[in-house]
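A.B. asks: Dropping a structure here in structure tokens format, bear with me for questions.
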Amino acid sequence: MKKIIKLSIVLVLLQVACSNKTEELPINDMAAVLNNNAGKLKRYDVKSGMVTYKMTTTGTVMGSTITGSGTSNLYFKDWGAIELVEENTNQTTKMNLFGKEKIKKETTHTINKLDNGKSYSVNFKNASIYLRRDPMMELMKNTNTDAGNAGKEMLKSVGGKKVGEENFLGYPCEIWDAMGAKQWVYKGISLKTVSKIMGITTTKEAISVKFDIAIEDSNFVLPDFPVIKDAGYLSDDAYKESQDEMKVNKQKIKNMTFEEFKQMTKQNPEMQDLSDEELKQQFQLMKKMMQ
């Protein structure tokens with residue numbers, strides 16, 4: 001689970017880091033890279049798009065053979081400020097227990113939506129939608145810094161590096177490699193990902209790409225499930241007040257020591273099981289974003 005947490009951070013950083021090259025817009029500061037208007041999130045250097053991916057999984061872990069396949073559909077508009085990803089996957093695990101083969105089959109259906117920093121995750125099993133604020137997206141929206149440079153510096157801080165350039169489906173991509181994950185990124189959008197973790201290789205690659213087209217609002221509609229707000233979720237007004245307070249105390253954050261950060265994270269259940277090394281990586285990311 002810890003490796004998955006770190007990998008998800010890296011994948012976000014990969015997209016942030018590689019979104020600063022564009023022929024249409026001047027990329028000099030965070031306002032140009034991230035904001036279409038003040039306080040509005042801008043994640044990609046493409047205004048809108050629709051991408052269909054195919055996914056495959058294969059490998060052996062602890063004597064079990066795992067195979068899987070699936071599809072993923074990405075829809076986004078307003079430079080990625082509004083985005084929806086829907087995935088359907090099938091996975092088969094073959095285990096040999098005391099000379100007997102056991103086969104386990106699983107299917108998953110997920111929908112995740114991002115709307116200007118608000119993150120919606122659909123849980124089909126309990127027919128609910130979980131709402132939270134995406135801290136990385138909110139920070140991107142409110143931080144006055146160069147997104148491309150900051151993203152690449154953060155990526156390098158966790159061992160990431162650019163390993164080449166290559167056309168994929170006719171789009172010139174930068175190839176970045178970090179912590180077992182390699183991505184082909186075009187203007188901030190990942191068109192291909194290959195990750196190798198604990199003997200399992202997962203590949204996700206685009207098979208259909210359409211950019212700068214009109215995306216119907218119907219593609220962003222979520223199921224009619226009750227919305228459950230994450231613990232500690234703040235209203236827009238309360239969140240704005242917290243951001244104003246954060247700006248006032250920005251210098252305090254810059255001067256924060258690792259031990260102080262460590263004490264602060266103990267209050268977050270999701271971070272309590274992270275090792276000191278993983279906490280240091282989080283601490284370094286926070287420091288770089290504050291800079």
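In the structure tokens, the first chain shown is A, the next is B, and so on; residue numbers restart at 1 for each chain, and ligands run from 1 in the order shown.
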Enumerate as a ChimeraX atom specification all residues of range 139-230 of chain A assigned to strand (DSSP E or B) by DSSP on the backbone, naming them with the chain letters and numbers the document uses.
C.D. replies: /A:161-168,171-178,181-186,189-197,200-211,227-229
A.B. asks: Leaving out Gly160 in chain A and any residue of its chain fewer than 2 positions from it, which residues lie within 6 Å of it when counting only C-alpha atoms, given as a list of chain:residue names?
C.D. replies: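 That gives A:Leu155, A:Lys156, A:Val158, A:Asp177, A:Ala178.
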A.B. asks: What's the separation between CA of Phe261 in chain A and CA of Asp134 in chain A, in Å to one decimal place?
C.D. replies: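 Computed distance, CA of Phe261 in chain A to CA of Asp134 in chain A, equals 19.6 Å.
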A.B. asks: Env of Thr71 in chain A: 8 Å cut, atoms = only C-alpha atoms, seq-sep filter 5 positions within chain, self excluded. Answer as number ranges by chain.
C.D. replies: A: 52-55, 87-89
A.B. asks: Please produce an output containing C-alpha atoms for each residue in the selection, written as a compact mmCIF listing (two decimals), in the first residue's frame.
C.D. replies:
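The resulting again-v1.txt:
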# COMPACT_ATOMS: atom_id res chain seq x y z
CA THR A 52 -9.63 6.04 -24.69
CA TYR A 53 -7.06 3.68 -23.17
CA LYS A 54 -6.56 -0.07 -23.06
CA MET A 55 -5.00 -1.64 -19.97
CA GLU A 87 -12.43 2.60 -15.81
CA ASN A 88 -13.63 -0.98 -16.18
CA THR A 89 -11.18 -3.77 -15.39
A.B. asks: Pick the closest to Ile197 in chain A from A:Met179, A:Leu285, A:Lys262, A:Asp45: which is it, counting only C-alpha atoms?
C.D. replies: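 Among the listed residues, the smallest separation from Ile197 in chain A belongs to A:Met179.
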